[in-house]
file protein-v8.txt (compact mmCIF, C-alpha atoms and all ligand atoms)
# COMPACT_ATOMS: atom_id res chain seq x y z
CA MET A 1 -137.38 93.31 105.47
CA PHE A 2 -135.23 90.20 105.93
CA ASP A 3 -137.84 88.05 104.33
CA SER A 4 -136.02 85.42 102.27
CA ASP A 5 -138.44 85.90 99.39
CA SER A 6 -137.65 89.56 99.02
CA PRO A 7 -135.88 90.51 95.79
CA GLY A 8 -132.15 91.16 95.94
CA ASN A 9 -131.74 88.73 98.77
CA ILE A 10 -128.10 87.64 99.13
CA ALA A 11 -127.24 84.12 98.08
CA PRO A 12 -127.18 81.57 100.86
CA LEU A 13 -123.80 80.79 102.33
CA PRO A 14 -122.13 77.90 100.54
CA VAL A 15 -121.31 76.26 103.82
CA GLN A 16 -124.10 75.05 105.99
CA ILE A 17 -123.90 76.54 109.44
CA PRO A 18 -124.64 73.73 111.86
CA VAL A 19 -127.77 74.24 113.86
CA ASP A 20 -128.33 72.73 117.26
CA ASP A 21 -129.13 69.08 116.96
CA PRO A 22 -132.82 68.76 117.85
CA SER A 23 -132.11 65.45 119.58
CA PRO A 24 -128.69 65.86 121.18
CA SER A 25 -129.13 62.89 123.40
CA GLY A 26 -129.00 60.42 120.53
CA LYS A 27 -125.78 61.63 118.93
CA LYS A 28 -124.15 62.44 122.23
CA LYS A 29 -125.00 59.03 123.52
CA ILE A 30 -123.23 57.37 120.61
CA LYS A 31 -120.24 59.69 121.07
CA TYR A 32 -120.15 58.92 124.77
CA ARG A 33 -120.35 55.20 124.12
CA LYS A 34 -117.51 55.47 121.65
CA TRP A 35 -115.45 57.46 124.11
CA ARG A 36 -115.80 54.92 126.88
CA ALA A 37 -115.59 51.87 124.65
CA GLY A 38 -113.83 49.04 126.38
CA LEU A 39 -113.37 50.88 129.64
CA ASP A 40 -114.33 49.20 132.87
CA GLU A 41 -117.46 50.65 134.48
CA ARG A 42 -115.50 51.26 137.65
CA LEU A 43 -113.16 53.63 135.82
CA ILE A 44 -115.92 55.86 134.56
CA GLY A 45 -118.65 55.33 137.12
CA PRO A 46 -119.26 57.40 140.24
CA ARG A 47 -116.17 59.14 141.62
CA PRO A 48 -114.63 58.01 144.92
CA LYS A 49 -116.11 59.78 147.93
CA ASN A 50 -112.86 60.03 149.86
CA PRO A 51 -109.97 60.52 147.46
CA HIS A 52 -106.46 60.77 148.89
CA LYS A 53 -105.40 64.39 149.24
CA HIS A 54 -101.91 65.64 148.47
CA ARG A 55 -100.24 69.02 148.26
CA THR A 56 -98.33 68.05 145.14
CA LEU A 57 -98.14 65.04 142.83
CA PHE A 58 -95.41 64.32 140.33
CA ILE A 59 -95.74 61.79 137.50
CA SER A 60 -93.73 61.09 134.38
CA TYR A 61 -93.07 58.56 131.64
CA THR A 62 -96.74 57.79 131.09
CA HIS A 63 -96.03 57.30 127.36
CA LEU A 64 -99.55 57.98 126.18
CA GLY A 65 -99.75 56.95 122.55
CA THR A 66 -98.04 53.61 123.11
CA PRO A 67 -99.59 50.27 124.06
CA GLY A 68 -97.12 50.03 126.94
CA CYS A 69 -98.82 52.84 128.84
CA LYS A 70 -100.77 51.58 131.85
CA ALA A 71 -103.47 54.13 131.10
CA GLU A 72 -106.24 52.39 133.03
CA LEU A 73 -104.21 52.19 136.22
CA LEU A 74 -103.18 55.82 135.72
CA LEU A 75 -106.79 56.85 135.24
CA ASP A 76 -107.77 55.00 138.42
CA PHE A 77 -104.88 56.67 140.25
CA LEU A 78 -105.84 60.16 139.06
CA ARG A 79 -109.46 59.65 140.09
CA HIS A 80 -108.47 58.51 143.58
CA ASN A 81 -105.81 61.13 144.26
CA GLU A 82 -106.48 64.83 144.50
CA THR A 83 -103.75 67.40 144.55
CA GLU A 84 -103.29 71.16 144.67
CA THR A 85 -100.52 70.99 142.08
CA LEU A 86 -99.85 68.27 139.52
CA TYR A 87 -96.47 68.19 137.79
CA LEU A 88 -96.24 66.21 134.57
CA VAL A 89 -92.50 65.65 134.54
CA GLY A 90 -92.01 64.71 130.89
CA ASP A 91 -92.50 61.79 128.49
CA ILE A 92 -96.23 62.09 129.04
CA ILE A 93 -97.04 61.64 125.35
CA ASP A 94 -94.68 59.63 123.20
CA GLY A 95 -93.97 61.84 120.21
CA TRP A 96 -91.28 59.54 118.79
CA ARG A 97 -93.92 56.87 118.41
CA ILE A 98 -96.41 59.20 116.78
CA LYS A 99 -94.03 59.43 113.84
CA ARG A 100 -93.90 55.63 113.41
CA SER A 101 -97.20 54.22 114.56
CA TRP A 102 -99.86 55.72 116.68
CA TYR A 103 -101.64 53.89 119.42
CA TRP A 104 -104.56 55.61 121.08
CA SER A 105 -107.45 54.10 122.96
CA ALA A 106 -110.40 55.16 125.10
CA SER A 107 -108.29 54.86 128.24
CA HIS A 108 -105.61 57.20 126.84
CA ASN A 109 -108.32 59.67 125.97
CA ALA A 110 -109.81 59.37 129.43
CA VAL A 111 -106.43 60.10 131.06
CA VAL A 112 -106.11 63.33 129.08
CA GLN A 113 -109.70 64.25 129.96
CA GLU A 114 -109.05 63.54 133.61
CA ILE A 115 -105.96 65.76 133.68
CA LEU A 116 -107.86 68.58 131.95
CA ARG A 117 -110.71 68.08 134.41
CA LYS A 118 -108.30 68.51 137.30
CA ALA A 119 -107.06 71.75 135.73
CA ARG A 120 -110.67 72.97 135.40
CA LYS A 121 -111.45 72.07 138.99
CA GLY A 122 -108.61 74.19 140.32
CA THR A 123 -105.54 71.95 140.27
CA ASN A 124 -102.47 73.80 139.13
CA VAL A 125 -101.22 71.55 136.30
CA VAL A 126 -97.63 72.09 135.16
CA TYR A 127 -96.18 70.20 132.18
CA VAL A 128 -92.39 69.93 131.97
CA PRO A 129 -91.73 68.19 128.61
CA GLY A 130 -89.25 65.36 128.35
CA ASN A 131 -87.30 63.86 125.46
CA HIS A 132 -90.19 61.80 124.07
CA ASP A 133 -92.43 64.86 123.99
CA GLU A 134 -89.67 67.30 123.18
CA ALA A 135 -91.80 68.96 120.48
CA LEU A 136 -93.64 70.63 123.37
CA ARG A 137 -90.41 72.32 124.42
CA ASP A 138 -91.12 74.83 121.63
CA TYR A 139 -94.28 75.85 123.50
CA THR A 140 -92.85 76.66 126.89
CA GLY A 141 -94.50 79.62 128.53
CA LEU A 142 -97.86 78.80 126.97
CA ASN A 143 -100.98 77.46 128.59
CA PHE A 144 -103.19 74.82 126.97
CA GLY A 145 -106.56 74.20 128.56
CA GLY A 146 -105.28 75.22 131.98
CA VAL A 147 -102.02 73.28 131.64
CA ASP A 148 -98.86 75.40 131.90
CA VAL A 149 -95.98 74.24 129.73
CA VAL A 150 -92.57 75.12 131.18
CA GLY A 151 -89.03 74.11 130.28
CA GLU A 152 -87.99 73.53 133.86
CA THR A 153 -89.20 75.10 137.05
CA ILE A 154 -88.63 75.49 140.77
CA HIS A 155 -91.13 73.99 143.18
CA GLU A 156 -91.28 75.30 146.73
CA THR A 157 -92.36 72.74 149.32
CA ALA A 158 -94.71 73.41 152.23
CA ASP A 159 -91.68 73.72 154.50
CA GLY A 160 -89.93 76.20 152.22
CA ARG A 161 -87.39 74.00 150.45
CA ARG A 162 -86.70 74.62 146.77
CA PHE A 163 -86.66 71.81 144.23
CA LEU A 164 -85.68 71.91 140.59
CA ILE A 165 -88.29 70.14 138.45
CA ILE A 166 -86.74 68.82 135.27
CA HIS A 167 -87.41 65.72 133.15
CA GLY A 168 -83.82 64.57 133.40
CA ASP A 169 -82.74 63.56 129.90
CA GLN A 170 -80.42 66.54 130.11
CA PHE A 171 -78.20 64.40 132.34
CA ASP A 172 -78.28 61.39 130.11
CA SER A 173 -75.29 61.45 127.82
CA VAL A 174 -76.71 58.66 125.66
CA VAL A 175 -79.79 60.65 124.77
CA LYS A 176 -77.93 63.92 124.59
CA TYR A 177 -75.06 62.91 122.35
CA ALA A 178 -76.37 59.98 120.33
CA ARG A 179 -80.06 60.31 119.80
CA TRP A 180 -80.11 57.58 117.14
CA LEU A 181 -78.71 55.17 119.72
CA ALA A 182 -81.53 55.97 122.12
CA HIS A 183 -84.08 55.47 119.34
CA LEU A 184 -82.48 52.16 118.51
CA GLY A 185 -82.67 51.14 122.15
CA ASP A 186 -86.33 52.10 122.29
CA ARG A 187 -87.14 50.01 119.23
CA ALA A 188 -84.93 47.11 120.27
CA TYR A 189 -86.76 46.92 123.58
CA ASP A 190 -90.13 46.79 121.78
CA MET A 191 -88.82 43.98 119.59
CA ALA A 192 -87.59 42.10 122.63
CA LEU A 193 -91.03 42.34 124.23
CA LEU A 194 -92.64 41.09 121.04
CA ALA A 195 -90.11 38.28 120.64
CA ASN A 196 -90.77 37.44 124.25
CA ASN A 197 -94.43 36.70 123.47
CA TRP A 198 -93.54 34.43 120.55
CA LEU A 199 -90.89 32.68 122.53
CA HIS A 200 -93.32 32.12 125.34
CA GLU A 201 -95.80 30.51 122.95
CA ILE A 202 -93.14 28.25 121.45
CA ARG A 203 -91.79 27.23 124.84
CA ARG A 204 -95.30 26.53 126.10
CA PHE A 205 -95.94 24.40 123.04
CA MET A 206 -92.80 22.45 123.86
CA GLY A 207 -93.85 22.13 127.47
CA LEU A 208 -91.08 24.36 128.77
CA PRO A 209 -91.64 26.73 131.70
CA TYR A 210 -91.97 30.47 131.29
CA TRP A 211 -88.74 32.30 130.66
CA SER A 212 -88.59 36.00 129.95
CA LEU A 213 -86.29 37.09 127.18
CA SER A 214 -86.79 40.76 127.91
CA ALA A 215 -85.96 40.25 131.58
CA TYR A 216 -82.90 38.26 130.56
CA LEU A 217 -81.77 41.01 128.20
CA LYS A 218 -82.32 43.62 130.85
CA ASN A 219 -80.16 41.71 133.29
CA ARG A 220 -77.53 41.36 130.62
CA VAL A 221 -77.17 45.13 130.48
CA LYS A 222 -74.11 44.93 132.63
CA ASN A 223 -73.83 48.52 133.54
CA ALA A 224 -77.48 49.23 134.26
CA VAL A 225 -76.96 49.68 137.97
CA GLU A 226 -73.81 51.68 137.44
CA TYR A 227 -75.64 53.76 134.90
CA ILE A 228 -78.45 54.58 137.34
CA SER A 229 -76.06 55.54 140.08
CA SER A 230 -73.91 57.74 137.84
CA TYR A 231 -77.08 59.33 136.50
CA GLU A 232 -78.22 60.06 140.05
CA GLN A 233 -74.84 61.54 140.88
CA ALA A 234 -74.99 63.83 137.86
CA VAL A 235 -78.45 65.03 138.93
CA ALA A 236 -77.33 65.63 142.51
CA ARG A 237 -74.29 67.56 141.28
CA GLU A 238 -76.57 69.80 139.23
CA ALA A 239 -78.75 70.44 142.28
CA ARG A 240 -75.74 71.54 144.32
CA GLU A 241 -74.54 73.82 141.53
CA ARG A 242 -77.94 75.42 141.22
CA ASP A 243 -78.12 75.89 144.97
CA VAL A 244 -81.46 74.10 145.38
CA ASP A 245 -82.44 71.64 148.10
CA GLY A 246 -83.12 68.89 145.63
CA ILE A 247 -84.25 67.77 142.19
CA ILE A 248 -87.39 65.98 141.12
CA CYS A 249 -87.06 64.23 137.78
CA GLY A 250 -88.15 61.15 135.85
CA HIS A 251 -86.68 59.71 132.67
CA ILE A 252 -84.96 56.54 133.91
CA HIS A 253 -88.08 54.61 135.09
CA HIS A 254 -86.67 54.13 138.52
CA ALA A 255 -88.57 55.73 141.38
CA GLU A 256 -86.32 56.85 144.17
CA ILE A 257 -86.08 59.34 147.01
CA ARG A 258 -82.58 59.54 148.32
CA GLU A 259 -80.39 62.03 150.04
CA MET A 260 -77.16 62.51 148.15
CA ASP A 261 -74.46 64.73 149.62
CA GLY A 262 -76.83 67.26 151.07
CA VAL A 263 -79.41 67.34 148.29
CA LEU A 264 -82.54 65.25 147.92
CA TYR A 265 -82.72 63.25 144.71
CA CYS A 266 -86.32 62.34 143.80
CA ASN A 267 -87.39 60.33 140.79
CA ASP A 268 -91.08 59.74 140.21
CA GLY A 269 -90.59 56.56 138.13
CA ASP A 270 -92.94 55.62 135.31
CA TRP A 271 -96.38 54.40 134.23
CA VAL A 272 -95.14 51.72 131.86
CA GLU A 273 -93.71 49.26 134.35
CA SER A 274 -93.74 50.40 137.97
CA CYS A 275 -96.78 52.76 138.05
CA THR A 276 -95.33 55.17 140.57
CA ALA A 277 -95.71 58.81 141.52
CA ILE A 278 -94.13 61.10 144.06
CA ALA A 279 -96.44 62.87 146.49
CA GLU A 280 -95.79 65.80 148.78
CA ASP A 281 -98.05 66.08 151.80
CA ALA A 282 -99.16 69.19 153.70
CA THR A 283 -95.97 69.19 155.80
CA GLY A 284 -93.66 69.08 152.79
CA ALA A 285 -92.67 65.40 153.18
CA PHE A 286 -92.20 63.38 150.01
CA ARG A 287 -93.06 59.77 149.46
CA ILE A 288 -93.23 57.36 146.56
CA LEU A 289 -96.70 56.08 145.75
CA ALA A 290 -97.14 52.86 143.84
CA TRP A 291 -100.49 52.13 142.20
CA HIS A 292 -99.90 48.55 141.11
CA LEU A 293 -103.49 47.50 141.69
CA PHE A 294 -106.80 48.98 140.69
CA SER A 295 -108.71 50.62 143.52
CA TRP A 296 -111.20 47.74 143.59
CA GLU A 297 -108.37 45.26 143.97
CA GLN A 298 -106.89 47.16 146.86
CA GLU A 299 -109.52 46.42 149.48
CA GLY A 300 -107.95 44.86 152.50
CA ALA A 301 -104.52 45.94 151.24
CA GLY A 302 -104.16 49.06 153.40
CA ASP A 303 -104.97 52.42 151.87
CA GLY A 304 -103.90 51.22 148.46
CA LEU A 305 -100.85 53.40 148.48
CA ALA A 306 -98.04 50.92 148.60
CA SER A 307 -95.59 53.60 149.45
CA ARG A 308 -92.28 54.33 151.00
CA THR A 309 -92.60 57.34 153.23
CA VAL A 310 -89.54 59.49 153.39
CA ALA A 311 -88.92 61.82 156.27
CA ASN A 312 -88.13 65.46 155.74
CA ALA A 313 -84.56 64.80 154.85
CA ALA A 314 -82.22 67.48 153.50
MN MN A 401 -87.19 60.56 129.08
call {"tool": "encode", "arguments": {"input": "protein-v8.txt", "output": "structure tokens"}}
result
Amino acid sequence: MFDSDSPGNIAPLPVQIPVDDPSPSGKKKIKYRKWRAGLDERLIGPRPKNPHKHRTLFISYTHLGTPGCKAELLLDFLRHNETETLYLVGDIIDGWRIKRSWYWSASHNAVVQEILRKARKGTNVVYVPGNHDEALRDYTGLNFGGVDVVGETIHETADGRRFLIIHGDQFDSVVKYARWLAHLGDRAYDMALLANNWLHEIRRFMGLPYWSLSAYLKNRVKNAVEYISSYEQAVAREARERDVDGIICGHIHHAEIREMDGVLYCNDGDWVESCTAIAEDATGAFRILAWHLFSWEQEGAGDGLASRTVANAA
């Protein structure tokens, strides 16, 4: 009855419905090769047998989509550290950059895949957007591939303390009141890094020792230290007003765990320069983890977690 030769048969669909590839291995193999192109075998090979276990991990400022992102170190870190809950505390993907130029590589892809894998394997992944990925703030309350997007949230530690999880640009008057200025700063810093490379080449040609323009410029920012401390004070004030035990934020690329007037200020740093995260253990204690070296470079250097353990303060 459904014989294709029968009269009155309906015309074939104009679009070809894809059928299963008879030799999936071939195409998949090429796709897989493309996906892992340029990645070190050790980043995609067998998984570590004894990953570090945490109750909660907090990371921010990974800036996926920019060449500055230390995606390979981040991938190595994610593979070697398991957690019940993973908070992505903003600036995970750089949306400002997407508008100008887009940088994406196999390692950036692998980081996203690894985070989604964690979500699939039972990790509770919570994404708190920041100012660079502010477009995601329109999607709070939604869940993408097991990742919950929230505007801000409260995290309860193992020992019952309550922490406000927020990216932190809300406390930064520069970003809040003069966005163009922040954009300018972002671009100026890129230019400085680029100029730094040229300058280095010229100086080397002239037989002069290495001198970092970007480091020099950074040091010239007279109020940088003052800025950080006033930022921290603003965050701590907010914590007291909200009646929480502390705040965990990111935004200023400066990892810190510090008690400030009865509240605990925690900043999980960044994955552009310092490669840091904040970890909560089973007792509710926080510490800063630094993953400056790849796991295979860490042998003989302790457990690889160059960290500052912080007692259950506050
Ligand atoms: Mn930020």
call {"tool": "residues_near_ligand", "arguments": {"input": "protein-v8.txt", "ligand": "ligand MN 401 (chain A)", "cutoff": "8 Å", "atoms": "all atoms listed in the file", "output": "ChimeraX atom specification"}}
result
/A:61,90-91,130-132,167-169,250-252
call {"tool": "closest_residue", "arguments": {"input": "protein-v8.txt", "among": "A:Leu88, A:Leu289, A:Leu164, A:Val150", "to": "Arg242 of chain A", "atoms": "only C-alpha atoms"}}
result
A:Leu164
call {"tool": "atom_distance", "arguments": {"input": "protein-v8.txt", "atom1": "atom CA of Leu73 of chain A", "atom2": "atom CA of Arg100 of chain A"}}
result
25.3 Å
call {"tool": "residues_around", "arguments": {"input": "protein-v8.txt", "residues": "Val111 of chain A", "least_positions_apart": "5", "cutoff": "9 Å", "atoms": "only C-alpha atoms", "output": "list in words"}}
result
Leu64, Ala71, Glu72, Leu74, Leu75, Leu78, Ala106 and Leu116 of chain A
call {"tool": "residues_around", "arguments": {"input": "protein-v8.txt", "residues": "His80 of chain A", "least_positions_apart": "4", "cutoff": "7 Å", "atoms": "only C-alpha atoms", "output": "ChimeraX atom specification"}}
result
/A:48,51-52,76
call {"tool": "closest_residue", "arguments": {"input": "protein-v8.txt", "among": "A:Ala239, A:Gly262, A:Glu299, A:Lys53", "to": "Phe163 of chain A", "atoms": "only C-alpha atoms"}}
result
A:Ala239
call {"tool": "residues_around", "arguments": {"input": "protein-v8.txt", "residues": "Glu238 of chain A", "least_positions_apart": "5", "cutoff": "10 Å", "atoms": "all atoms listed in the file", "output": "list in words"}}
result
Leu164, Phe171, Glu232, Gln233, Asp243, Val244, Gly246, Ile247 and Val263 of chain A
call {"tool": "closest_residue", "arguments": {"input": "protein-v8.txt", "among": "A:Asn81, A:Thr283, A:Thr140, A:Ser101", "to": "Glu114 of chain A", "atoms": "only C-alpha atoms"}}
result
A:Asn81
